[in-house]
file work15.txt (compact mmCIF, C-alpha atoms and all ligand atoms)
# COMPACT_ATOMS: atom_id res chain seq x y z
CA MET A 912 -83.16 -16.95 -38.41
CA HIS A 913 -83.88 -18.55 -41.72
CA LEU A 914 -85.77 -17.75 -44.88
CA THR A 915 -89.04 -19.71 -44.87
CA SER A 916 -90.98 -18.39 -47.86
CA LEU A 917 -90.99 -15.98 -50.75
CA THR A 918 -94.20 -14.93 -52.51
CA ILE A 919 -93.99 -13.14 -55.85
CA ARG A 920 -96.90 -11.53 -57.67
CA GLY A 921 -96.67 -9.33 -60.75
CA PHE A 922 -92.86 -9.23 -60.50
CA LYS A 923 -90.92 -9.79 -63.76
CA SER A 924 -92.04 -13.10 -65.33
CA PHE A 925 -94.25 -14.04 -62.33
CA ALA A 926 -97.69 -12.67 -63.30
CA SER A 927 -99.64 -14.93 -60.94
CA ALA A 928 -98.92 -15.24 -57.24
CA THR A 929 -96.20 -17.86 -56.77
CA THR A 930 -94.89 -19.02 -53.40
CA PHE A 931 -91.54 -20.70 -52.78
CA THR A 932 -91.05 -22.40 -49.42
CA PHE A 933 -87.60 -23.13 -48.04
CA ASP A 934 -86.53 -25.68 -45.46
CA ARG A 935 -83.41 -25.27 -43.36
CA GLY A 936 -80.21 -26.11 -45.21
CA MET A 937 -79.57 -25.80 -48.90
CA SER A 938 -82.23 -25.15 -51.55
CA ALA A 939 -81.80 -25.23 -55.30
CA ILE A 940 -83.99 -23.72 -57.99
CA VAL A 941 -83.66 -25.52 -61.29
CA GLY A 942 -85.27 -24.84 -64.66
CA PRO A 943 -84.58 -24.27 -68.35
CA ASN A 944 -82.80 -21.13 -69.59
CA GLY A 945 -85.04 -18.09 -69.39
CA SER A 946 -87.59 -19.77 -67.12
CA GLY A 947 -87.17 -17.17 -64.36
CA LYS A 948 -84.59 -18.60 -61.92
CA SER A 949 -82.65 -15.34 -61.66
CA ASN A 950 -85.95 -13.45 -61.35
CA VAL A 951 -86.52 -15.30 -58.07
CA VAL A 952 -83.18 -14.01 -56.74
CA ASP A 953 -84.01 -10.53 -58.08
CA ALA A 954 -87.34 -10.68 -56.19
CA LEU A 955 -85.49 -11.54 -52.99
CA SER A 956 -83.04 -8.66 -53.28
CA TRP A 957 -85.84 -6.28 -54.36
CA VAL A 958 -88.06 -7.04 -51.36
CA LEU A 959 -85.04 -6.55 -49.07
CA GLY A 960 -84.73 -2.99 -50.39
CA GLU A 961 -82.50 -3.16 -53.48
CA GLN A 962 -82.52 0.28 -55.16
CA GLY A 963 -80.10 -0.30 -58.03
CA THR A 964 -81.85 -1.05 -61.32
CA LYS A 965 -78.60 -2.46 -62.69
CA ASN A 966 -78.47 -5.03 -59.89
CA LEU A 967 -82.01 -6.02 -60.88
CA ARG A 968 -80.96 -6.37 -64.52
CA GLY A 969 -83.37 -3.69 -65.72
CA GLY A 970 -83.29 -0.23 -67.27
CA SER A 971 -85.72 1.43 -64.87
CA MET A 972 -87.27 0.35 -61.60
CA GLN A 973 -90.68 -0.04 -63.31
CA ASP A 974 -89.14 -2.84 -65.40
CA VAL A 975 -89.64 -5.18 -62.44
CA ILE A 976 -93.43 -5.06 -62.99
CA PHE A 977 -94.82 -7.84 -65.20
CA ALA A 978 -94.80 -6.33 -68.68
CA GLY A 979 -97.14 -8.84 -70.35
CA ALA A 980 -96.38 -12.13 -72.08
CA GLY A 981 -98.40 -14.36 -74.41
CA GLN A 982 -102.10 -13.86 -73.67
CA ARG A 983 -101.50 -12.01 -70.40
CA SER A 984 -101.44 -8.25 -70.46
CA ALA A 985 -99.12 -6.09 -68.38
CA LEU A 986 -99.92 -5.59 -64.71
CA GLY A 987 -100.08 -2.33 -62.78
CA ARG A 988 -98.19 -3.47 -59.71
CA ALA A 989 -95.57 -5.87 -58.40
CA LYS A 990 -95.59 -7.26 -54.88
CA VAL A 991 -93.03 -9.50 -53.21
CA SER A 992 -93.21 -10.80 -49.63
CA VAL A 993 -90.52 -12.67 -47.77
CA THR A 994 -90.92 -14.49 -44.46
CA PHE A 995 -88.17 -15.27 -41.97
CA ASP A 996 -88.39 -17.60 -39.01
CA ASN A 997 -87.07 -15.37 -36.23
CA SER A 998 -87.48 -17.71 -33.28
CA ASP A 999 -83.78 -17.19 -32.41
CA GLY A 1000 -84.35 -13.40 -32.32
CA GLU A 1001 -81.53 -12.66 -34.76
CA LEU A 1002 -83.68 -10.02 -36.41
CA ASP A 1003 -84.13 -7.21 -33.93
CA ALA A 1004 -87.95 -7.35 -33.91
CA PRO A 1005 -90.35 -8.69 -31.28
CA TYR A 1006 -91.79 -11.35 -33.58
CA SER A 1007 -90.98 -15.05 -33.96
CA GLU A 1008 -91.89 -14.72 -37.63
CA VAL A 1009 -91.10 -11.61 -39.67
CA GLU A 1010 -92.72 -10.85 -43.01
CA ILE A 1011 -91.31 -8.04 -45.14
CA SER A 1012 -93.29 -6.87 -48.20
CA ARG A 1013 -92.59 -4.40 -50.95
CA THR A 1014 -95.15 -3.19 -53.49
CA MET A 1015 -94.45 -1.02 -56.50
CA PHE A 1016 -97.03 0.65 -58.74
CA ARG A 1017 -96.53 1.38 -62.40
CA THR A 1018 -97.47 4.97 -61.59
CA GLY A 1019 -94.37 5.10 -59.36
CA GLY A 1020 -93.42 4.73 -55.72
CA SER A 1021 -92.70 1.79 -53.47
CA GLU A 1022 -94.47 0.77 -50.28
CA TYR A 1023 -92.89 -1.40 -47.60
CA GLU A 1024 -94.49 -3.35 -44.78
CA ILE A 1025 -93.16 -5.26 -41.80
CA ASN A 1026 -95.70 -7.82 -40.58
CA GLY A 1027 -98.48 -5.93 -42.35
CA GLU A 1028 -97.58 -2.53 -40.85
CA PRO A 1029 -96.38 0.26 -43.17
CA ALA A 1030 -92.62 0.76 -42.85
CA ARG A 1031 -89.90 2.94 -44.36
CA LEU A 1032 -87.01 1.62 -46.40
CA ALA A 1033 -84.72 2.77 -43.56
CA ASP A 1034 -86.67 0.55 -41.10
CA ILE A 1035 -86.16 -2.46 -43.35
CA GLN A 1036 -82.45 -1.71 -43.76
CA GLU A 1037 -81.94 -1.26 -40.02
CA LEU A 1038 -83.81 -4.48 -39.28
CA LEU A 1039 -81.74 -6.46 -41.77
CA SER A 1040 -78.31 -4.98 -41.16
CA GLY A 1041 -77.85 -6.77 -37.82
CA ALA A 1042 -78.57 -10.11 -39.43
CA GLY A 1043 -75.93 -9.73 -42.14
CA LEU A 1044 -78.41 -8.74 -44.83
CA GLY A 1045 -77.13 -5.18 -45.06
CA LYS A 1046 -77.87 -2.36 -47.43
CA ASN A 1047 -75.62 -3.62 -50.21
CA LEU A 1048 -76.86 -7.20 -49.96
CA HIS A 1049 -73.42 -8.73 -50.45
CA VAL A 1050 -74.89 -12.01 -49.28
CA LEU A 1051 -76.58 -12.35 -52.67
CA VAL A 1052 -73.97 -13.04 -55.30
CA GLY A 1053 -75.29 -12.85 -58.85
CA GLN A 1054 -73.83 -14.70 -61.82
CA GLY A 1055 -71.93 -11.65 -63.06
CA GLN A 1056 -70.66 -10.73 -59.61
CA LEU A 1057 -68.57 -13.85 -59.09
CA ASP A 1058 -65.69 -12.45 -61.15
CA GLN A 1059 -65.90 -9.19 -59.24
CA LEU A 1060 -65.59 -11.08 -55.96
CA LEU A 1061 -62.69 -13.20 -57.19
CA TYR A 1062 -60.73 -10.17 -58.42
CA ALA A 1063 -61.54 -7.90 -55.45
CA SER A 1064 -58.63 -6.54 -53.43
CA ALA A 1065 -58.11 -7.78 -49.86
CA GLU A 1066 -59.57 -4.50 -48.56
CA GLN A 1067 -62.69 -4.77 -50.78
CA ARG A 1068 -63.15 -8.39 -49.69
CA ARG A 1069 -62.91 -7.37 -46.03
CA VAL A 1070 -65.71 -4.80 -46.56
CA LEU A 1071 -67.91 -7.47 -48.18
CA LEU A 1072 -67.29 -9.97 -45.38
CA GLU A 1073 -67.95 -7.36 -42.70
CA GLU A 1074 -71.25 -6.43 -44.33
CA ALA A 1075 -72.28 -10.08 -44.55
CA ALA A 1076 -71.26 -10.73 -40.94
CA GLY A 1077 -73.35 -7.77 -39.71
CA ILE A 1078 -70.33 -5.94 -38.24
CA ASN A 1079 -71.26 -2.61 -39.83
CA ARG A 1080 -74.26 -2.16 -37.56
CA HIS A 1081 -72.01 -2.43 -34.49
CA ARG A 1082 -69.53 -0.04 -36.10
CA ARG A 1083 -72.34 2.52 -36.67
CA ARG A 1084 -73.43 2.13 -33.03
CA GLN A 1085 -69.83 2.52 -31.85
CA ASP A 1086 -69.48 5.77 -33.85
CA LYS A 1087 -72.77 7.07 -32.42
CA THR A 1088 -71.67 6.29 -28.86
CA ALA A 1089 -68.25 7.89 -29.45
CA ARG A 1090 -69.97 11.08 -30.67
CA LYS A 1091 -72.21 11.12 -27.58
CA LEU A 1092 -69.21 10.60 -25.32
CA GLU A 1093 -67.40 13.50 -26.99
CA SER A 1094 -70.35 15.84 -26.50
CA MET A 1095 -70.61 14.73 -22.82
CA ARG A 1096 -66.90 15.56 -22.37
CA GLU A 1097 -67.45 19.02 -23.82
CA ASN A 1098 -70.42 19.57 -21.48
CA LEU A 1099 -68.32 18.44 -18.51
CA THR A 1100 -65.56 20.89 -19.42
CA ARG A 1101 -68.14 23.71 -19.59
CA VAL A 1102 -69.54 22.75 -16.16
CA GLU A 1103 -66.02 22.64 -14.68
CA ASP A 1104 -65.32 26.11 -16.08
CA LEU A 1105 -68.56 27.42 -14.54
CA VAL A 1106 -67.69 25.87 -11.18
CA LYS A 1107 -64.24 27.51 -11.30
CA GLU A 1108 -65.81 30.89 -12.08
CA LEU A 1109 -68.19 30.55 -9.11
CA GLU A 1110 -65.46 29.55 -6.65
P1 LIG B 1 -80.78 -18.38 -67.43
O1 LIG B 1 -80.72 -19.79 -66.97
O2 LIG B 1 -80.61 -18.21 -68.90
O3 LIG B 1 -79.90 -17.43 -66.64
P2 LIG B 1 -83.18 -17.73 -65.90
O4 LIG B 1 -83.96 -18.98 -65.62
O5 LIG B 1 -82.35 -17.20 -64.79
O6 LIG B 1 -82.33 -17.88 -67.21
P3 LIG B 1 -84.44 -15.17 -65.88
O7 LIG B 1 -83.33 -14.31 -66.36
O8 LIG B 1 -84.74 -15.19 -64.44
O9 LIG B 1 -84.23 -16.65 -66.40
O10 LIG B 1 -85.80 -14.81 -66.63
C1 LIG B 1 -85.83 -14.27 -67.92
C2 LIG B 1 -87.26 -14.18 -68.37
O11 LIG B 1 -87.96 -13.25 -67.56
C3 LIG B 1 -87.33 -13.72 -69.80
O12 LIG B 1 -88.22 -14.57 -70.50
C4 LIG B 1 -87.93 -12.34 -69.70
O13 LIG B 1 -88.74 -12.02 -70.78
C5 LIG B 1 -88.75 -12.44 -68.44
N1 LIG B 1 -88.98 -11.13 -67.83
C6 LIG B 1 -88.08 -10.30 -67.26
N2 LIG B 1 -88.67 -9.16 -66.85
C7 LIG B 1 -89.98 -9.28 -67.17
C8 LIG B 1 -91.12 -8.41 -67.02
N3 LIG B 1 -91.03 -7.21 -66.43
N4 LIG B 1 -92.32 -8.86 -67.47
C9 LIG B 1 -92.44 -10.07 -68.04
N5 LIG B 1 -91.40 -10.92 -68.23
C10 LIG B 1 -90.20 -10.54 -67.80

call {"tool": "encode", "arguments": {"input": "work15.txt", "output": "C-alpha cells"}}
result
Amino acid sequence: MHLTSLTIRGFKSFASATTFTFDRGMSAIVGPNGSGKSNVVDALSWVLGEQGTKNLRGGSMQDVIFAGAGQRSALGRAKVSVTFDNSDGELDAPYSEVEISRTMFRTGGSEYEINGEPARLADIQELLSGAGLGKNLHVLVGQGQLDQLLYASAEQRRVLLEEAAGINRHRRRQDKTARKLESMRENLTRVEDLVKELE
C-alpha cells in the first residue's frame, strides 16, 4: 500500500483544488515559511479522521475551512481526498485503489466517503488501523511532537510503535475472541449441568 495522491479544496490556505501526487519512496514538500507545508500534513491527518483541533493547530474544527485571504472570500466547506494504491491488499477493502474523502461544512458536521460511498468515521478507523494508520495517527509526527517522542518513556514508545505497526487491531480481535470463548465456556457448563440433571 502506498499513498498516491492528496487533493485539498477549501482546507486552510488551499482555497482552490490542489492535488499532490506521490511516487513510491521519499517525497519532500518545500516552500517558504507560511506557504502551507504543514497545512498539507494537517490535511492528511484530517482526512484520515483526526478529531483533535489542537493536533490540527486550530481553535475549533471549523478553523480548517478556508477563512478568506487577499481577494478571496471565505468558503463554506473544506474537502480533502486521499488515494492509496492497495494492490497488495494491505488495506482490508476489496479495491486495488482506495480513496477516502472527508468534507466539512461551516454549518457543522463532517461527511466521510470510501470510494465515493458514504462511510462512518468508525469505518475509516477500522480500515486504517490494520495498515498502521491507527486512530491516533502516530505515524504522522508534527514539528512539535518530536520532543515528545524523544522524551517518551519506554512504555509510551512501545504504545506508539505498536500503533504504527498495526498490532492494536490484532489485540482488539484477540480480546473479542477471548470474550467469545469465555461465553462459550459458560454455555458449555450450563449444558453439562442440564445433562447431569436429566441423567
Ligand atoms: P513554516 O515553514 O513556518 O512552518 P508552513 O509552510 O508549514 O510554515 P503553514 O503553517 O502550513 O505554513 O501555513 C500557514 C498559513 O496558512 C498562514 O498563512 C495561515 O494564514 C494560513 N491558514 C491557516 N488556516 C487557514 C484558514 N482556515 N484559511 C486561510 N488561511 C489559513

call {"tool": "closest_atom_pairs", "arguments": {"input": "work15.txt", "of": "chain A", "to": "ligand LIG 1 (chain B)", "cutoff": "12 Å", "atoms": "all atoms listed in the file", "output": "JSON lines"}}
result
{"residue": "A:Arg920", "atom": "CA", "partner": "B:LIG1", "partner_atom": "N4", "distance": 11.1}
{"residue": "A:Gly921", "atom": "CA", "partner": "B:LIG1", "partner_atom": "N4", "distance": 8.0}
{"residue": "A:Phe922", "atom": "CA", "partner": "B:LIG1", "partner_atom": "N3", "distance": 6.5}
{"residue": "A:Lys923", "atom": "CA", "partner": "B:LIG1", "partner_atom": "C8", "distance": 3.5}
{"residue": "A:Ser924", "atom": "CA", "partner": "B:LIG1", "partner_atom": "N5", "distance": 3.7}
{"residue": "A:Phe925", "atom": "CA", "partner": "B:LIG1", "partner_atom": "C9", "distance": 7.2}
{"residue": "A:Ala926", "atom": "CA", "partner": "B:LIG1", "partner_atom": "C9", "distance": 7.5}
{"residue": "A:Ser927", "atom": "CA", "partner": "B:LIG1", "partner_atom": "C9", "distance": 11.2}
{"residue": "A:Ile940", "atom": "CA", "partner": "B:LIG1", "partner_atom": "O4", "distance": 9.0}
{"residue": "A:Val941", "atom": "CA", "partner": "B:LIG1", "partner_atom": "O4", "distance": 7.8}
{"residue": "A:Gly942", "atom": "CA", "partner": "B:LIG1", "partner_atom": "O4", "distance": 6.1}
{"residue": "A:Pro943", "atom": "CA", "partner": "B:LIG1", "partner_atom": "O4", "distance": 6.0}
{"residue": "A:Asn944", "atom": "CA", "partner": "B:LIG1", "partner_atom": "O1", "distance": 3.6}
{"residue": "A:Gly945", "atom": "CA", "partner": "B:LIG1", "partner_atom": "O9", "distance": 3.4}
{"residue": "A:Ser946", "atom": "CA", "partner": "B:LIG1", "partner_atom": "O4", "distance": 4.0}
{"residue": "A:Gly947", "atom": "CA", "partner": "B:LIG1", "partner_atom": "O8", "distance": 3.1}
{"residue": "A:Lys948", "atom": "CA", "partner": "B:LIG1", "partner_atom": "O4", "distance": 3.8}
{"residue": "A:Ser949", "atom": "CA", "partner": "B:LIG1", "partner_atom": "O8", "distance": 3.5}
{"residue": "A:Asn950", "atom": "CA", "partner": "B:LIG1", "partner_atom": "O8", "distance": 3.7}
{"residue": "A:Val951", "atom": "CA", "partner": "B:LIG1", "partner_atom": "O8", "distance": 6.6}
{"residue": "A:Val952", "atom": "CA", "partner": "B:LIG1", "partner_atom": "O8", "distance": 7.9}
{"residue": "A:Asp953", "atom": "CA", "partner": "B:LIG1", "partner_atom": "O8", "distance": 7.9}
{"residue": "A:Ala954", "atom": "CA", "partner": "B:LIG1", "partner_atom": "O8", "distance": 9.8}
{"residue": "A:Thr964", "atom": "CA", "partner": "B:LIG1", "partner_atom": "N2", "distance": 12.0}
{"residue": "A:Leu967", "atom": "CA", "partner": "B:LIG1", "partner_atom": "N2", "distance": 9.5}
{"residue": "A:Arg968", "atom": "CA", "partner": "B:LIG1", "partner_atom": "O7", "distance": 8.5}
{"residue": "A:Gly969", "atom": "CA", "partner": "B:LIG1", "partner_atom": "N2", "distance": 7.7}
{"residue": "A:Gly970", "atom": "CA", "partner": "B:LIG1", "partner_atom": "N2", "distance": 10.4}
{"residue": "A:Ser971", "atom": "CA", "partner": "B:LIG1", "partner_atom": "N3", "distance": 10.3}
{"residue": "A:Met972", "atom": "CA", "partner": "B:LIG1", "partner_atom": "N3", "distance": 9.7}
{"residue": "A:Gln973", "atom": "CA", "partner": "B:LIG1", "partner_atom": "N3", "distance": 7.8}
{"residue": "A:Asp974", "atom": "CA", "partner": "B:LIG1", "partner_atom": "N3", "distance": 4.9}
{"residue": "A:Val975", "atom": "CA", "partner": "B:LIG1", "partner_atom": "N3", "distance": 4.7}
{"residue": "A:Ile976", "atom": "CA", "partner": "B:LIG1", "partner_atom": "N3", "distance": 4.7}
{"residue": "A:Phe977", "atom": "CA", "partner": "B:LIG1", "partner_atom": "N4", "distance": 3.5}
{"residue": "A:Ala978", "atom": "CA", "partner": "B:LIG1", "partner_atom": "N4", "distance": 3.7}
{"residue": "A:Gly979", "atom": "CA", "partner": "B:LIG1", "partner_atom": "C9", "distance": 5.4}
{"residue": "A:Ala980", "atom": "CA", "partner": "B:LIG1", "partner_atom": "C9", "distance": 6.0}
{"residue": "A:Gly981", "atom": "CA", "partner": "B:LIG1", "partner_atom": "C9", "distance": 9.7}
{"residue": "A:Gln982", "atom": "CA", "partner": "B:LIG1", "partner_atom": "C9", "distance": 11.8}
{"residue": "A:Arg983", "atom": "CA", "partner": "B:LIG1", "partner_atom": "C9", "distance": 9.6}
{"residue": "A:Ser984", "atom": "CA", "partner": "B:LIG1", "partner_atom": "C9", "distance": 9.5}
{"residue": "A:Ala985", "atom": "CA", "partner": "B:LIG1", "partner_atom": "N4", "distance": 7.4}
{"residue": "A:Leu986", "atom": "CA", "partner": "B:LIG1", "partner_atom": "N4", "distance": 8.7}
{"residue": "A:Gly987", "atom": "CA", "partner": "B:LIG1", "partner_atom": "N3", "distance": 10.9}
{"residue": "A:Arg988", "atom": "CA", "partner": "B:LIG1", "partner_atom": "N3", "distance": 10.5}
{"residue": "A:Ala989", "atom": "CA", "partner": "B:LIG1", "partner_atom": "N3", "distance": 9.3}
{"residue": "A:Arg1017", "atom": "CA", "partner": "B:LIG1", "partner_atom": "N3", "distance": 11.0}
{"residue": "A:Gly1053", "atom": "CA", "partner": "B:LIG1", "partner_atom": "O3", "distance": 10.1}
{"residue": "A:Gln1054", "atom": "CA", "partner": "B:LIG1", "partner_atom": "O3", "distance": 8.2}
{"residue": "A:Gly1055", "atom": "CA", "partner": "B:LIG1", "partner_atom": "O3", "distance": 10.5}

call {"tool": "atom_distance", "arguments": {"input": "work15.txt", "atom1": "atom CA of Ala1004 of chain A", "atom2": "atom CA of Arg1084 of chain A"}}
result
17.4 Å

call {"tool": "closest_residue", "arguments": {"input": "work15.txt", "among": "A:Ser998, A:Gln1036, A:Gly1027, A:Thr1100", "to": "Glu1010 of chain A", "atoms": "all atoms listed in the file"}}
result
A:Gly1027

call {"tool": "closest_residue", "arguments": {"input": "work15.txt", "among": "A:Glu1103, A:Leu955, A:Gly1041, A:Leu1060", "to": "Ala1076 of chain A", "atoms": "all atoms listed in the file"}}
result
A:Gly1041

call {"tool": "closest_residue", "arguments": {"input": "work15.txt", "among": "A:Met937, A:Leu959, A:Ile1078, A:Val993", "to": "Leu917 of chain A", "atoms": "all atoms listed in the file"}}
result
A:Val993

call {"tool": "atom_distance", "arguments": {"input": "work15.txt", "atom1": "atom CA of Asn966 of chain A", "atom2": "atom CA of Val1070 of chain A"}}
result
18.5 Å

call {"tool": "closest_residue", "arguments": {"input": "work15.txt", "among": "A:Ser1094, A:Gln1056, A:Ser1040, A:Asn997", "to": "Ala1075 of chain A", "atoms": "only C-alpha atoms"}}
result
A:Ser1040

call {"tool": "atom_distance", "arguments": {"input": "work15.txt", "atom1": "atom CA of Ile1011 of chain A", "atom2": "atom CA of Arg1083 of chain A"}}
result
23.3 Å

call {"tool": "closest_residue", "arguments": {"input": "work15.txt", "among": "A:Leu914, A:Leu1057, A:Val958, A:Leu1032", "to": "Ser938 of chain A", "atoms": "all atoms listed in the file"}}
result
A:Leu914

call {"tool": "residues_near_point", "arguments": {"input": "work15.txt", "point": "(-95.6, -17.6, -51.8)", "cutoff": "8 Å", "atoms": "only C-alpha atoms", "output": "number ranges by chain"}}
result
A: 916-919, 928-932, 992

call {"tool": "axis_aligned_box", "arguments": {"input": "work15.txt", "around": "segment 952-963 of chain A", "padding_each_side": "8 Å", "output": "JSON"}}
result
{"center_x": -84.1, "center_y": -6.9, "center_z": -53.6, "size_x": 24.0, "size_y": 30.3, "size_z": 25.0}

call {"tool": "residues_around", "arguments": {"input": "work15.txt", "residues": "Asp999 of chain A", "least_positions_apart": "4", "cutoff": "12 Å", "atoms": "only C-alpha atoms", "output": "compact mmCIF listing (two decimals) with C-alpha atoms, in the coordinates of the input"}}
result
# COMPACT_ATOMS: atom_id res chain seq x y z
CA MET A 912 -83.16 -16.95 -38.41
CA HIS A 913 -83.88 -18.55 -41.72
CA PHE A 995 -88.17 -15.27 -41.97
CA ASP A 1003 -84.13 -7.21 -33.93
CA ALA A 1004 -87.95 -7.35 -33.91
CA PRO A 1005 -90.35 -8.69 -31.28
CA TYR A 1006 -91.79 -11.35 -33.58
CA SER A 1007 -90.98 -15.05 -33.96
CA GLU A 1008 -91.89 -14.72 -37.63
CA VAL A 1009 -91.10 -11.61 -39.67
CA ALA A 1042 -78.57 -10.11 -39.43

call {"tool": "closest_residue", "arguments": {"input": "work15.txt", "among": "A:Ser1012, A:Phe933, A:Arg1082, A:Ala939", "to": "Trp957 of chain A", "atoms": "all atoms listed in the file"}}
result
A:Ser1012
